[in-house]
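Q: Sharing a structure below in structure tokens format, with a few things to ask.
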Amino acid sequence: MKARPYLVALVLLVLVAGLVVVLRTPTGDPAGQGKTSPQAAVEAGAGAGDAYYPTDGNSGYDVTLYDLAINYDPGTKQLNGVATITATATDDLARFNLDLEGLTVSDVKVGGQPAKFTQEGDHELVITPSAPVAKGRPFLTLVTYGGKPTTIDDASLGRSGWQVSSTGGAFAAGQPHSATTWFPANDTPRDKAALKLAARVPDGWSVVSNGVEGTGLRGDGWTTYTWQEDTPLATYLVTVAIDKWEIVRSQLPDGKPVIDAYAPGTAAAKKPIQARLPEVLALLEKKFGPYPQRAAGSIWVADQIGFSLETQTRPIYAAWADLETVVHENAHQWFGDSVTLQNWADICLNECLASYAQWLWAEHEGENLDDRYRREMEDRRDSSRFWSPKLYDMGQGNEFRGVYDKGILAVHALRKQVGDEVFFKALQNWTAQHRDGNASWPQFEDHFKKASGQQLDGFFKAWFRDSGIPEDQYLLPSALRR
């Protein structure tokens, strides 16, 4: 994600096969549906273990596929959906939870059999199968749901989730939360899964999502658009975007499909920027290793939202986004999308490295980064506000403080500490070793210690784990001294 100076957030998207599903509108509340405290939800099995967001995600199972079918009418803003979730039990499950916010569930089946369910707290869907699911067993959960999706407003992190666009459509975007405002999910970055989407909208509207485009089907005044992303992705990287898009289709040099979507009024200004995507990806491949996704492209909304987001394969761009933003969000296809953080405390793995890619682009265009580093360091030497944020384990609500500016200087200092050959080879090995998986900041530190053969504990402590300006020996590695 690349935020405007004063805001933060993220975006997501999902995919499916080419079938048309006629969805029924949920009516009424299920018997016994009530509200409980967040603590009660945790005791019921919610929470994947992230210290910052203890009720996010759920334990006891591993999702492998979200197969989603939705209807959305921009006129009424009503969404109806059926989610078929393929998972494997990692514990014996007498009951389990999914996360869903602001929408009403009307029916749940597990293994084809009706299941009991309640909606508790602000986002817990607690499901009791007709018979327990044995550890190690794959199982299917089908959830029918609907309502008017909501936007999440967070004092620290800004707006996220389902957002109605200024052009009349809608899109899903947000970090760390977004997906569960439009489909039930195990909402933790630790549980990555493939996705399919079949989205049905009135004729005249169209739908863009992650991955590879399927065949559209039209009938009765509605059109169903299908998308599929086979590379596992975290829920916050899933998106769906509905508008009267201008679609441009092309290919990368290796044949991977590129789909760019422009909301009304955006194409003239944004097409020249997006046209440089092949050049951007070629540079990033040289620095970080092979492009780790099956498709590429963009979603350009007409809204002045406070962020752009690295939704997997197809970033979502705010109206203010520029070429530097394109570089940033596509660097996330390696750092954040392919290699996904283990905990939100590890966010520097995403944002510090994607932000540094902006400097690599500037270097590609001829700028001397050592000179830029020295200027920035001197200009900010007396700025306590600049130096105070921690870049690792910064605390809930502080995830996006420092990572876009101090984080760039920290990564350049690391590069100069270990040398270019070690630095770029280590990054390429990192993206290869953790491709399509999860990783933590402590693992990244250990990786660079091993790659460099240097004792880097003091360096990482000064730059990433502590607040304040680093000591001169870390602020100015020998390669940066004149």
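Identifiers in this document derive from the order of the structure tokens: chains are assigned A, B, ..., residues are numbered from 1 separately in each chain, and ligands are numbered from 1 in order of occurrence.
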Mind checking DSSP for segment 23-204 of chain A and telling me the helix (DSSP H, G or I) residues as a list in words?

A: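 Restricting segment 23-204 of chain A to helix (DSSP H, G or I) produces Pro38, Gln39, Ala40, Ala41, Val42, Glu43, Ala179, Thr180 and Thr181 of chain A.
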
Q: Given the selection you just returned, output its residues as a file containing N, CA and C atoms, formatted as a PDB file, in the first residue's frame.

A:
ATOM      1  N   PRO A  38     -16.643  -9.460  22.546  1.00  0.00           N
ATOM      2  CA  PRO A  38     -15.479  -9.956  21.814  1.00  0.00           C
ATOM      3  C   PRO A  38     -14.746 -11.045  22.580  1.00  0.00           C
ATOM      4  N   GLN A  39     -14.700 -10.952  23.916  1.00  0.00           N
ATOM      5  CA  GLN A  39     -14.003 -11.967  24.686  1.00  0.00           C
ATOM      6  C   GLN A  39     -14.684 -13.316  24.549  1.00  0.00           C
ATOM      7  N   ALA A  40     -16.021 -13.302  24.544  1.00  0.00           N
ATOM      8  CA  ALA A  40     -16.743 -14.547  24.367  1.00  0.00           C
ATOM      9  C   ALA A  40     -16.453 -15.148  23.003  1.00  0.00           C
ATOM     10  N   ALA A  41     -16.310 -14.284  21.974  1.00  0.00           N
ATOM     11  CA  ALA A  41     -15.989 -14.775  20.644  1.00  0.00           C
ATOM     12  C   ALA A  41     -14.627 -15.440  20.624  1.00  0.00           C
ATOM     13  N   VAL A  42     -13.666 -14.880  21.305  1.00  0.00           N
ATOM     14  CA  VAL A  42     -12.341 -15.488  21.379  1.00  0.00           C
ATOM     15  C   VAL A  42     -12.431 -16.865  22.030  1.00  0.00           C
ATOM     16  N   GLU A  43     -13.203 -16.962  23.089  1.00  0.00           N
ATOM     17  CA  GLU A  43     -13.343 -18.244  23.779  1.00  0.00           C
ATOM     18  C   GLU A  43     -14.039 -19.275  22.913  1.00  0.00           C
ATOM     19  N   ALA A 179     -11.905  -7.679   3.314  1.00  0.00           N
ATOM     20  CA  ALA A 179     -12.588  -8.806   2.685  1.00  0.00           C
ATOM     21  C   ALA A 179     -13.903  -9.134   3.364  1.00  0.00           C
ATOM     22  N   THR A 180     -13.912  -9.098   4.693  1.00  0.00           N
ATOM     23  CA  THR A 180     -15.079  -9.591   5.417  1.00  0.00           C
ATOM     24  C   THR A 180     -16.253  -8.620   5.386  1.00  0.00           C
ATOM     25  N   THR A 181     -16.111  -7.474   4.725  1.00  0.00           N
ATOM     26  CA  THR A 181     -17.271  -6.614   4.499  1.00  0.00           C
ATOM     27  C   THR A 181     -18.078  -7.085   3.295  1.00  0.00           C
TER      28      THR A 181
END

Q: As a PyMOL selection string, please: all residues of segment 73-292 of chain A that backbone DSSP puts in strand (DSSP E or B).

A: chain A and resi 73+78-89+93+96-99+104-110+113-114+116-120+124-128+133+138-147+151-154+158-164+170-173+185+193-202+206-209+212-213+217-219+222-233+239-243+246-251+257-262

Q: Name the residues in contact with Lys449 of chain A at a cut-off of 12 Å, using only C-alpha atoms, excluding same-chain residues fewer than 3 positions from it; report them as JSON, numbers by chain.

A: {"A": [414, 417, 418, 422, 423, 426, 442, 443, 444, 445, 446, 452, 453, 454, 455, 456, 457, 458, 459, 460]}

Q: Could you turn the residues from that selection into a file that holds N, CA, C and O atoms, as an mmCIF file, in the first residue's frame?

A:
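Output (again-v4.cif):
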data_model
loop_
_atom_site.group_PDB
_atom_site.id
_atom_site.type_symbol
_atom_site.label_atom_id
_atom_site.label_comp_id
_atom_site.auth_asym_id
_atom_site.auth_seq_id
_atom_site.Cartn_x
_atom_site.Cartn_y
_atom_site.Cartn_z
ATOM 1 N N LEU A 414 20.984 -0.480 5.086
ATOM 2 C CA LEU A 414 21.274 -1.917 5.072
ATOM 3 C C LEU A 414 22.017 -2.296 3.790
ATOM 4 O O LEU A 414 22.992 -3.071 3.834
ATOM 5 N N GLN A 417 25.510 -1.219 4.172
ATOM 6 C CA GLN A 417 26.189 -1.986 5.211
ATOM 7 C C GLN A 417 26.707 -3.316 4.676
ATOM 8 O O GLN A 417 27.820 -3.740 4.996
ATOM 9 N N VAL A 418 25.900 -3.994 3.842
ATOM 10 C CA VAL A 418 26.286 -5.333 3.378
ATOM 11 C C VAL A 418 26.862 -5.325 1.970
ATOM 12 O O VAL A 418 27.478 -6.310 1.543
ATOM 13 N N VAL A 422 25.687 -8.586 -2.075
ATOM 14 C CA VAL A 422 25.017 -9.345 -1.019
ATOM 15 C C VAL A 422 23.557 -8.912 -0.891
ATOM 16 O O VAL A 422 22.650 -9.747 -0.762
ATOM 17 N N PHE A 423 23.320 -7.608 -0.931
ATOM 18 C CA PHE A 423 21.981 -7.066 -0.712
ATOM 19 C C PHE A 423 20.985 -7.616 -1.727
ATOM 20 O O PHE A 423 19.933 -8.165 -1.358
ATOM 21 N N ALA A 426 20.564 -11.441 -1.622
ATOM 22 C CA ALA A 426 19.782 -11.840 -0.453
ATOM 23 C C ALA A 426 18.296 -11.581 -0.681
ATOM 24 O O ALA A 426 17.444 -12.395 -0.285
ATOM 25 N N PRO A 442 11.874 -11.075 12.180
ATOM 26 C CA PRO A 442 13.053 -11.763 12.728
ATOM 27 C C PRO A 442 13.687 -12.744 11.735
ATOM 28 O O PRO A 442 14.915 -12.869 11.697
ATOM 29 N N GLN A 443 12.880 -13.407 10.916
ATOM 30 C CA GLN A 443 13.451 -14.278 9.889
ATOM 31 C C GLN A 443 14.248 -13.476 8.868
ATOM 32 O O GLN A 443 15.292 -13.934 8.384
ATOM 33 N N PHE A 444 13.757 -12.299 8.521
ATOM 34 C CA PHE A 444 14.456 -11.437 7.571
ATOM 35 C C PHE A 444 15.810 -11.018 8.133
ATOM 36 O O PHE A 444 16.828 -11.022 7.413
ATOM 37 N N GLU A 445 15.846 -10.637 9.405
ATOM 38 C CA GLU A 445 17.113 -10.288 10.037
ATOM 39 C C GLU A 445 18.089 -11.461 9.981
ATOM 40 O O GLU A 445 19.263 -11.296 9.616
ATOM 41 N N ASP A 446 17.628 -12.648 10.349
ATOM 42 C CA ASP A 446 18.497 -13.833 10.327
ATOM 43 C C ASP A 446 18.981 -14.134 8.919
ATOM 44 O O ASP A 446 20.142 -14.545 8.714
ATOM 45 N N SER A 452 25.202 -12.117 4.682
ATOM 46 C CA SER A 452 26.320 -11.169 4.719
ATOM 47 C C SER A 452 27.521 -11.683 5.495
ATOM 48 O O SER A 452 28.643 -11.179 5.319
ATOM 49 N N GLY A 453 27.268 -12.636 6.395
ATOM 50 C CA GLY A 453 28.339 -13.080 7.287
ATOM 51 C C GLY A 453 28.695 -12.048 8.329
ATOM 52 O O GLY A 453 29.736 -12.152 8.987
ATOM 53 N N GLN A 454 27.827 -11.042 8.495
ATOM 54 C CA GLN A 454 28.076 -9.981 9.466
ATOM 55 C C GLN A 454 27.180 -10.144 10.691
ATOM 56 O O GLN A 454 26.078 -10.689 10.600
ATOM 57 N N GLN A 455 27.678 -9.652 11.821
ATOM 58 C CA GLN A 455 26.881 -9.610 13.042
ATOM 59 C C GLN A 455 26.079 -8.310 12.991
ATOM 60 O O GLN A 455 26.584 -7.236 13.281
ATOM 61 N N LEU A 456 24.798 -8.412 12.614
ATOM 62 C CA LEU A 456 23.998 -7.228 12.331
ATOM 63 C C LEU A 456 23.011 -6.877 13.439
ATOM 64 O O LEU A 456 22.145 -6.016 13.237
ATOM 65 N N ASP A 457 23.140 -7.499 14.598
ATOM 66 C CA ASP A 457 22.172 -7.243 15.666
ATOM 67 C C ASP A 457 22.111 -5.764 16.031
ATOM 68 O O ASP A 457 21.027 -5.201 16.206
ATOM 69 N N GLY A 458 23.270 -5.128 16.172
ATOM 70 C CA GLY A 458 23.293 -3.715 16.535
ATOM 71 C C GLY A 458 22.657 -2.852 15.460
ATOM 72 O O GLY A 458 21.933 -1.892 15.763
ATOM 73 N N PHE A 459 22.928 -3.171 14.198
ATOM 74 C CA PHE A 459 22.352 -2.416 13.086
ATOM 75 C C PHE A 459 20.833 -2.512 13.090
ATOM 76 O O PHE A 459 20.121 -1.498 13.009
ATOM 77 N N PHE A 460 20.306 -3.746 13.165
ATOM 78 C CA PHE A 460 18.859 -3.922 13.128
ATOM 79 C C PHE A 460 18.185 -3.307 14.355
ATOM 80 O O PHE A 460 17.086 -2.754 14.256
#

Q: Find the residues near Ala185 of chain A: any atom within 7 Å, counting only C-alpha atoms, skip ones fewer than 2 places away on the same chain, and give them as a list in words.

A: Leu98, Asp99, Leu100, Thr180, Phe183 and Asp187 of chain A

Q: Which polymer residues have any atom within 8 Å of an atom of segment 126-140 of chain A, counting only C-alpha atoms, with same-chain residues fewer than 5 positions away left out, as JSON, numbers by chain?

A: {"A": [44, 84, 85, 86, 87, 88, 89, 90, 91, 92, 93, 94, 95, 96, 97, 98, 108, 109, 110, 111, 112, 113, 114, 115, 116, 117, 118, 119, 120]}

Q: Which of these, A:Lys286, A:Thr215, A:Tyr392, A:Gly81, has the shortest distance to Leu341 of chain A once you count only C-alpha atoms?

A: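 Closest to Leu341 of chain A of all the choices is A:Tyr392.
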
Q: Provide the atom CA of Met1 of chain A to atom CA of Ile152 of chain A distance in Å, to one decimal place.

A: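 Going from atom CA of Met1 of chain A over to atom CA of Ile152 of chain A, I get 17.1 Å.
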
Q: Using only C-alpha atoms, which residues sit within 10 Å of Ile469 of chain A once same-chain residues fewer than 2 positions away are excluded, as a PDB file with all heavy atoms, in the first residue's frame?

A:
ATOM      1  N   MET A 377      19.150  12.502   5.239  1.00  0.00           N
ATOM      2  CA  MET A 377      19.593  12.279   6.611  1.00  0.00           C
ATOM      3  C   MET A 377      19.925  13.600   7.297  1.00  0.00           C
ATOM      4  O   MET A 377      19.519  13.849   8.441  1.00  0.00           O
ATOM      5  CB  MET A 377      20.805  11.347   6.613  1.00  0.00           C
ATOM      6  CG  MET A 377      21.324  10.978   7.987  1.00  0.00           C
ATOM      7  SD  MET A 377      22.665  12.094   8.498  1.00  0.00           S
ATOM      8  CE  MET A 377      23.921  11.668   7.297  1.00  0.00           C
ATOM      9  N   ARG A 380      16.801  15.757   8.023  1.00  0.00           N
ATOM     10  CA  ARG A 380      15.896  15.236   9.050  1.00  0.00           C
ATOM     11  C   ARG A 380      16.600  14.915  10.366  1.00  0.00           C
ATOM     12  O   ARG A 380      15.968  14.393  11.285  1.00  0.00           O
ATOM     13  CB  ARG A 380      15.196  13.977   8.526  1.00  0.00           C
ATOM     14  CG  ARG A 380      14.364  14.219   7.270  1.00  0.00           C
ATOM     15  CD  ARG A 380      13.750  12.925   6.778  1.00  0.00           C
ATOM     16  NE  ARG A 380      13.020  13.057   5.538  1.00  0.00           N
ATOM     17  CZ  ARG A 380      11.731  13.405   5.443  1.00  0.00           C
ATOM     18  NH1 ARG A 380      11.059  13.722   6.537  1.00  0.00           N
ATOM     19  NH2 ARG A 380      11.136  13.468   4.267  1.00  0.00           N
ATOM     20  N   ARG A 381      17.866  15.226  10.458  1.00  0.00           N
ATOM     21  CA  ARG A 381      18.627  14.815  11.634  1.00  0.00           C
ATOM     22  C   ARG A 381      18.003  15.313  12.939  1.00  0.00           C
ATOM     23  O   ARG A 381      18.048  14.624  13.958  1.00  0.00           O
ATOM     24  CB  ARG A 381      20.077  15.304  11.529  1.00  0.00           C
ATOM     25  CG  ARG A 381      20.961  14.800  12.655  1.00  0.00           C
ATOM     26  CD  ARG A 381      22.376  15.305  12.513  1.00  0.00           C
ATOM     27  NE  ARG A 381      23.133  14.561  11.517  1.00  0.00           N
ATOM     28  CZ  ARG A 381      23.812  13.451  11.786  1.00  0.00           C
ATOM     29  NH1 ARG A 381      23.800  12.933  12.998  1.00  0.00           N
ATOM     30  NH2 ARG A 381      24.503  12.849  10.842  1.00  0.00           N
ATOM     31  N   ASP A 382      17.416  16.481  12.927  1.00  0.00           N
ATOM     32  CA  ASP A 382      16.847  17.057  14.146  1.00  0.00           C
ATOM     33  C   ASP A 382      15.338  16.860  14.267  1.00  0.00           C
ATOM     34  O   ASP A 382      14.695  17.469  15.129  1.00  0.00           O
ATOM     35  CB  ASP A 382      17.168  18.553  14.211  1.00  0.00           C
ATOM     36  CG  ASP A 382      18.659  18.822  14.280  1.00  0.00           C
ATOM     37  OD1 ASP A 382      19.370  18.024  14.922  1.00  0.00           O
ATOM     38  OD2 ASP A 382      19.108  19.824  13.681  1.00  0.00           O
ATOM     39  N   SER A 383      14.774  16.011  13.424  1.00  0.00           N
ATOM     40  CA  SER A 383      13.324  15.789  13.436  1.00  0.00           C
ATOM     41  C   SER A 383      12.979  14.572  14.290  1.00  0.00           C
ATOM     42  O   SER A 383      13.060  13.437  13.825  1.00  0.00           O
ATOM     43  CB  SER A 383      12.787  15.601  12.005  1.00  0.00           C
ATOM     44  OG  SER A 383      11.441  15.218  12.024  1.00  0.00           O
ATOM     45  N   SER A 384      12.566  14.805  15.515  1.00  0.00           N
ATOM     46  CA  SER A 384      12.199  13.679  16.381  1.00  0.00           C
ATOM     47  C   SER A 384      10.981  12.953  15.834  1.00  0.00           C
ATOM     48  O   SER A 384      10.845  11.731  16.000  1.00  0.00           O
ATOM     49  CB  SER A 384      11.932  14.172  17.801  1.00  0.00           C
ATOM     50  OG  SER A 384      10.883  15.127  17.817  1.00  0.00           O
ATOM     51  N   PHE A 386      10.290  12.346  12.746  1.00  0.00           N
ATOM     52  CA  PHE A 386      10.727  11.435  11.682  1.00  0.00           C
ATOM     53  C   PHE A 386      11.376  10.185  12.269  1.00  0.00           C
ATOM     54  O   PHE A 386      11.117   9.067  11.812  1.00  0.00           O
ATOM     55  CB  PHE A 386      11.711  12.157  10.754  1.00  0.00           C
ATOM     56  CG  PHE A 386      12.243  11.291   9.648  1.00  0.00           C
ATOM     57  CD1 PHE A 386      11.539  11.134   8.473  1.00  0.00           C
ATOM     58  CD2 PHE A 386      13.465  10.625   9.783  1.00  0.00           C
ATOM     59  CE1 PHE A 386      12.036  10.331   7.446  1.00  0.00           C
ATOM     60  CE2 PHE A 386      13.966   9.827   8.767  1.00  0.00           C
ATOM     61  CZ  PHE A 386      13.249   9.684   7.591  1.00  0.00           C
ATOM     62  N   TRP A 387      12.207  10.345  13.278  1.00  0.00           N
ATOM     63  CA  TRP A 387      13.004   9.234  13.781  1.00  0.00           C
ATOM     64  C   TRP A 387      12.309   8.401  14.853  1.00  0.00           C
ATOM     65  O   TRP A 387      12.723   7.278  15.125  1.00  0.00           O
ATOM     66  CB  TRP A 387      14.326   9.756  14.340  1.00  0.00           C
ATOM     67  CG  TRP A 387      15.202  10.384  13.302  1.00  0.00           C
ATOM     68  CD1 TRP A 387      15.446  11.716  13.135  1.00  0.00           C
ATOM     69  CD2 TRP A 387      15.936   9.708  12.269  1.00  0.00           C
ATOM     70  NE1 TRP A 387      16.286  11.918  12.067  1.00  0.00           N
ATOM     71  CE2 TRP A 387      16.610  10.700  11.515  1.00  0.00           C
ATOM     72  CE3 TRP A 387      16.092   8.369  11.913  1.00  0.00           C
ATOM     73  CZ2 TRP A 387      17.424  10.396  10.434  1.00  0.00           C
ATOM     74  CZ3 TRP A 387      16.907   8.062  10.822  1.00  0.00           C
ATOM     75  CH2 TRP A 387      17.555   9.067  10.103  1.00  0.00           C
ATOM     76  N   SER A 388      11.250   8.914  15.443  1.00  0.00           N
ATOM     77  CA  SER A 388      10.664   8.227  16.599  1.00  0.00           C
ATOM     78  C   SER A 388       9.951   6.915  16.282  1.00  0.00           C
ATOM     79  O   SER A 388       9.981   5.991  17.104  1.00  0.00           O
ATOM     80  CB  SER A 388       9.718   9.159  17.354  1.00  0.00           C
ATOM     81  OG  SER A 388       8.630   9.540  16.539  1.00  0.00           O
ATOM     82  N   PRO A 389       9.279   6.749  15.131  1.00  0.00           N
ATOM     83  CA  PRO A 389       8.561   5.484  14.919  1.00  0.00           C
ATOM     84  C   PRO A 389       9.504   4.276  14.857  1.00  0.00           C
ATOM     85  O   PRO A 389      10.570   4.330  14.245  1.00  0.00           O
ATOM     86  CB  PRO A 389       7.866   5.693  13.569  1.00  0.00           C
ATOM     87  CG  PRO A 389       7.785   7.161  13.391  1.00  0.00           C
ATOM     88  CD  PRO A 389       9.026   7.704  14.027  1.00  0.00           C
ATOM     89  N   LYS A 406      11.175   6.888   6.930  1.00  0.00           N
ATOM     90  CA  LYS A 406      12.307   6.346   7.682  1.00  0.00           C
ATOM     91  C   LYS A 406      12.682   4.965   7.160  1.00  0.00           C
ATOM     92  O   LYS A 406      13.869   4.608   7.075  1.00  0.00           O
ATOM     93  CB  LYS A 406      11.959   6.286   9.169  1.00  0.00           C
ATOM     94  CG  LYS A 406      13.060   5.691  10.040  1.00  0.00           C
ATOM     95  CD  LYS A 406      12.614   5.574  11.489  1.00  0.00           C
ATOM     96  CE  LYS A 406      13.653   4.850  12.335  1.00  0.00           C
ATOM     97  NZ  LYS A 406      13.204   4.673  13.743  1.00  0.00           N
ATOM     98  N   ALA A 462      19.253  -0.660  16.045  1.00  0.00           N
ATOM     99  CA  ALA A 462      19.294   0.796  15.920  1.00  0.00           C
ATOM    100  C   ALA A 462      18.280   1.319  14.909  1.00  0.00           C
ATOM    101  O   ALA A 462      17.616   2.338  15.143  1.00  0.00           O
ATOM    102  CB  ALA A 462      20.704   1.237  15.534  1.00  0.00           C
ATOM    103  N   TRP A 463      18.143   0.624  13.773  1.00  0.00           N
ATOM    104  CA  TRP A 463      17.303   1.128  12.702  1.00  0.00           C
ATOM    105  C   TRP A 463      15.851   0.667  12.806  1.00  0.00           C
ATOM    106  O   TRP A 463      14.932   1.428  12.480  1.00  0.00           O
ATOM    107  CB  TRP A 463      17.862   0.683  11.348  1.00  0.00           C
ATOM    108  CG  TRP A 463      18.822   1.646  10.719  1.00  0.00           C
ATOM    109  CD1 TRP A 463      20.174   1.504  10.581  1.00  0.00           C
ATOM    110  CD2 TRP A 463      18.503   2.918  10.137  1.00  0.00           C
ATOM    111  NE1 TRP A 463      20.717   2.598   9.944  1.00  0.00           N
ATOM    112  CE2 TRP A 463      19.703   3.481   9.653  1.00  0.00           C
ATOM    113  CE3 TRP A 463      17.325   3.633   9.970  1.00  0.00           C
ATOM    114  CZ2 TRP A 463      19.752   4.726   9.014  1.00  0.00           C
ATOM    115  CZ3 TRP A 463      17.372   4.877   9.335  1.00  0.00           C
ATOM    116  CH2 TRP A 463      18.578   5.402   8.873  1.00  0.00           C
ATOM    117  N   ASP A 466      14.430  -0.004  17.542  1.00  0.00           N
ATOM    118  CA  ASP A 466      14.437   1.112  18.493  1.00  0.00           C
ATOM    119  C   ASP A 466      13.817   2.358  17.886  1.00  0.00           C
ATOM    120  O   ASP A 466      13.753   2.513  16.657  1.00  0.00           O
ATOM    121  CB  ASP A 466      15.875   1.444  18.916  1.00  0.00           C
ATOM    122  CG  ASP A 466      16.442   0.435  19.907  1.00  0.00           C
ATOM    123  OD1 ASP A 466      15.682  -0.449  20.353  1.00  0.00           O
ATOM    124  OD2 ASP A 466      17.644   0.547  20.208  1.00  0.00           O
ATOM    125  N   SER A 467      13.384   3.260  18.755  1.00  0.00           N
ATOM    126  CA  SER A 467      12.998   4.600  18.337  1.00  0.00           C
ATOM    127  C   SER A 467      14.234   5.494  18.339  1.00  0.00           C
ATOM    128  O   SER A 467      15.253   5.168  18.949  1.00  0.00           O
ATOM    129  CB  SER A 467      11.961   5.168  19.306  1.00  0.00           C
ATOM    130  OG  SER A 467      10.764   4.419  19.254  1.00  0.00           O
ATOM    131  N   GLU A 471      22.825   5.506  15.994  1.00  0.00           N
ATOM    132  CA  GLU A 471      24.177   6.000  16.221  1.00  0.00           C
ATOM    133  C   GLU A 471      24.895   6.153  14.888  1.00  0.00           C
ATOM    134  O   GLU A 471      24.570   5.502  13.906  1.00  0.00           O
ATOM    135  CB  GLU A 471      24.956   5.026  17.112  1.00  0.00           C
ATOM    136  CG  GLU A 471      24.296   4.783  18.471  1.00  0.00           C
ATOM    137  CD  GLU A 471      23.408   3.551  18.477  1.00  0.00           C
ATOM    138  OE1 GLU A 471      22.713   3.320  17.447  1.00  0.00           O
ATOM    139  OE2 GLU A 471      23.410   2.827  19.483  1.00  0.00           O
ATOM    140  N   ASP A 472      25.910   7.017  14.837  1.00  0.00           N
ATOM    141  CA  ASP A 472      26.582   7.333  13.582  1.00  0.00           C
ATOM    142  C   ASP A 472      27.153   6.101  12.881  1.00  0.00           C
ATOM    143  O   ASP A 472      27.176   6.050  11.646  1.00  0.00           O
ATOM    144  CB  ASP A 472      27.699   8.352  13.822  1.00  0.00           C
ATOM    145  CG  ASP A 472      27.162   9.777  13.918  1.00  0.00           C
ATOM    146  OD1 ASP A 472      25.958   9.976  13.645  1.00  0.00           O
ATOM    147  OD2 ASP A 472      27.939  10.685  14.274  1.00  0.00           O
ATOM    148  N   TYR A 474      25.845   3.293  12.537  1.00  0.00           N
ATOM    149  CA  TYR A 474      24.768   2.658  11.769  1.00  0.00           C
ATOM    150  C   TYR A 474      24.103   3.644  10.817  1.00  0.00           C
ATOM    151  O   TYR A 474      23.628   3.254   9.741  1.00  0.00           O
ATOM    152  CB  TYR A 474      23.722   2.067  12.715  1.00  0.00           C
ATOM    153  CG  TYR A 474      24.312   1.111  13.722  1.00  0.00           C
ATOM    154  CD1 TYR A 474      24.166   1.332  15.089  1.00  0.00           C
ATOM    155  CD2 TYR A 474      25.030  -0.010  13.309  1.00  0.00           C
ATOM    156  CE1 TYR A 474      24.715   0.450  16.021  1.00  0.00           C
ATOM    157  CE2 TYR A 474      25.582  -0.890  14.227  1.00  0.00           C
ATOM    158  CZ  TYR A 474      25.422  -0.652  15.585  1.00  0.00           C
ATOM    159  OH  TYR A 474      25.975  -1.519  16.498  1.00  0.00           O
ATOM    160  N   LEU A 475      24.108   4.912  11.194  1.00  0.00           N
ATOM    161  CA  LEU A 475      23.517   5.939  10.344  1.00  0.00           C
ATOM    162  C   LEU A 475      24.356   6.163   9.091  1.00  0.00           C
ATOM    163  O   LEU A 475      23.805   6.405   8.005  1.00  0.00           O
ATOM    164  CB  LEU A 475      23.403   7.244  11.130  1.00  0.00           C
ATOM    165  CG  LEU A 475      22.604   8.377  10.514  1.00  0.00           C
ATOM    166  CD1 LEU A 475      21.132   8.004  10.412  1.00  0.00           C
ATOM    167  CD2 LEU A 475      22.769   9.661  11.317  1.00  0.00           C
TER     168      LEU A 475
END

Q: Could you give me, as number ranges by chain, the residues within 8 Å of Gln293 of chain A, counting only C-alpha atoms and dropping anything in the same chain fewer than 4 positions from it?

A: A: 231, 313, 333, 338

Q: Would you mind exporting all heavy atoms of the selected residues as a PDB file, in the first residue's frame?

A:
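Okay, this is what ended up in result_28.pdb:
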ATOM      1  N   THR A 231      -2.908 -18.545  -7.522  1.00  0.00           N
ATOM      2  CA  THR A 231      -1.829 -18.328  -6.564  1.00  0.00           C
ATOM      3  C   THR A 231      -2.438 -17.928  -5.223  1.00  0.00           C
ATOM      4  O   THR A 231      -3.227 -16.979  -5.168  1.00  0.00           O
ATOM      5  CB  THR A 231      -0.883 -17.220  -7.053  1.00  0.00           C
ATOM      6  OG1 THR A 231      -0.367 -17.581  -8.339  1.00  0.00           O
ATOM      7  CG2 THR A 231       0.269 -17.025  -6.076  1.00  0.00           C
ATOM      8  N   THR A 313      -2.022  -9.137  -8.127  1.00  0.00           N
ATOM      9  CA  THR A 313      -1.964  -9.114  -9.590  1.00  0.00           C
ATOM     10  C   THR A 313      -2.478  -7.816 -10.186  1.00  0.00           C
ATOM     11  O   THR A 313      -2.102  -7.469 -11.302  1.00  0.00           O
ATOM     12  CB  THR A 313      -2.739 -10.270 -10.261  1.00  0.00           C
ATOM     13  OG1 THR A 313      -4.159 -10.086 -10.094  1.00  0.00           O
ATOM     14  CG2 THR A 313      -2.321 -11.628  -9.705  1.00  0.00           C
ATOM     15  N   GLN A 333       4.015  -6.900  -5.168  1.00  0.00           N
ATOM     16  CA  GLN A 333       3.688  -8.227  -5.712  1.00  0.00           C
ATOM     17  C   GLN A 333       4.726  -9.257  -5.269  1.00  0.00           C
ATOM     18  O   GLN A 333       4.425 -10.446  -5.179  1.00  0.00           O
ATOM     19  CB  GLN A 333       3.591  -8.168  -7.245  1.00  0.00           C
ATOM     20  CG  GLN A 333       2.562  -7.173  -7.771  1.00  0.00           C
ATOM     21  CD  GLN A 333       1.173  -7.370  -7.196  1.00  0.00           C
ATOM     22  OE1 GLN A 333       0.636  -8.479  -7.196  1.00  0.00           O
ATOM     23  NE2 GLN A 333       0.579  -6.299  -6.694  1.00  0.00           N
ATOM     24  N   SER A 338       3.345 -12.039  -2.650  1.00  0.00           N
ATOM     25  CA  SER A 338       3.964 -13.366  -2.743  1.00  0.00           C
ATOM     26  C   SER A 338       4.517 -13.791  -1.385  1.00  0.00           C
ATOM     27  O   SER A 338       4.191 -14.854  -0.869  1.00  0.00           O
ATOM     28  CB  SER A 338       5.070 -13.357  -3.789  1.00  0.00           C
ATOM     29  OG  SER A 338       5.691 -14.622  -3.861  1.00  0.00           O
TER      30      SER A 338
END
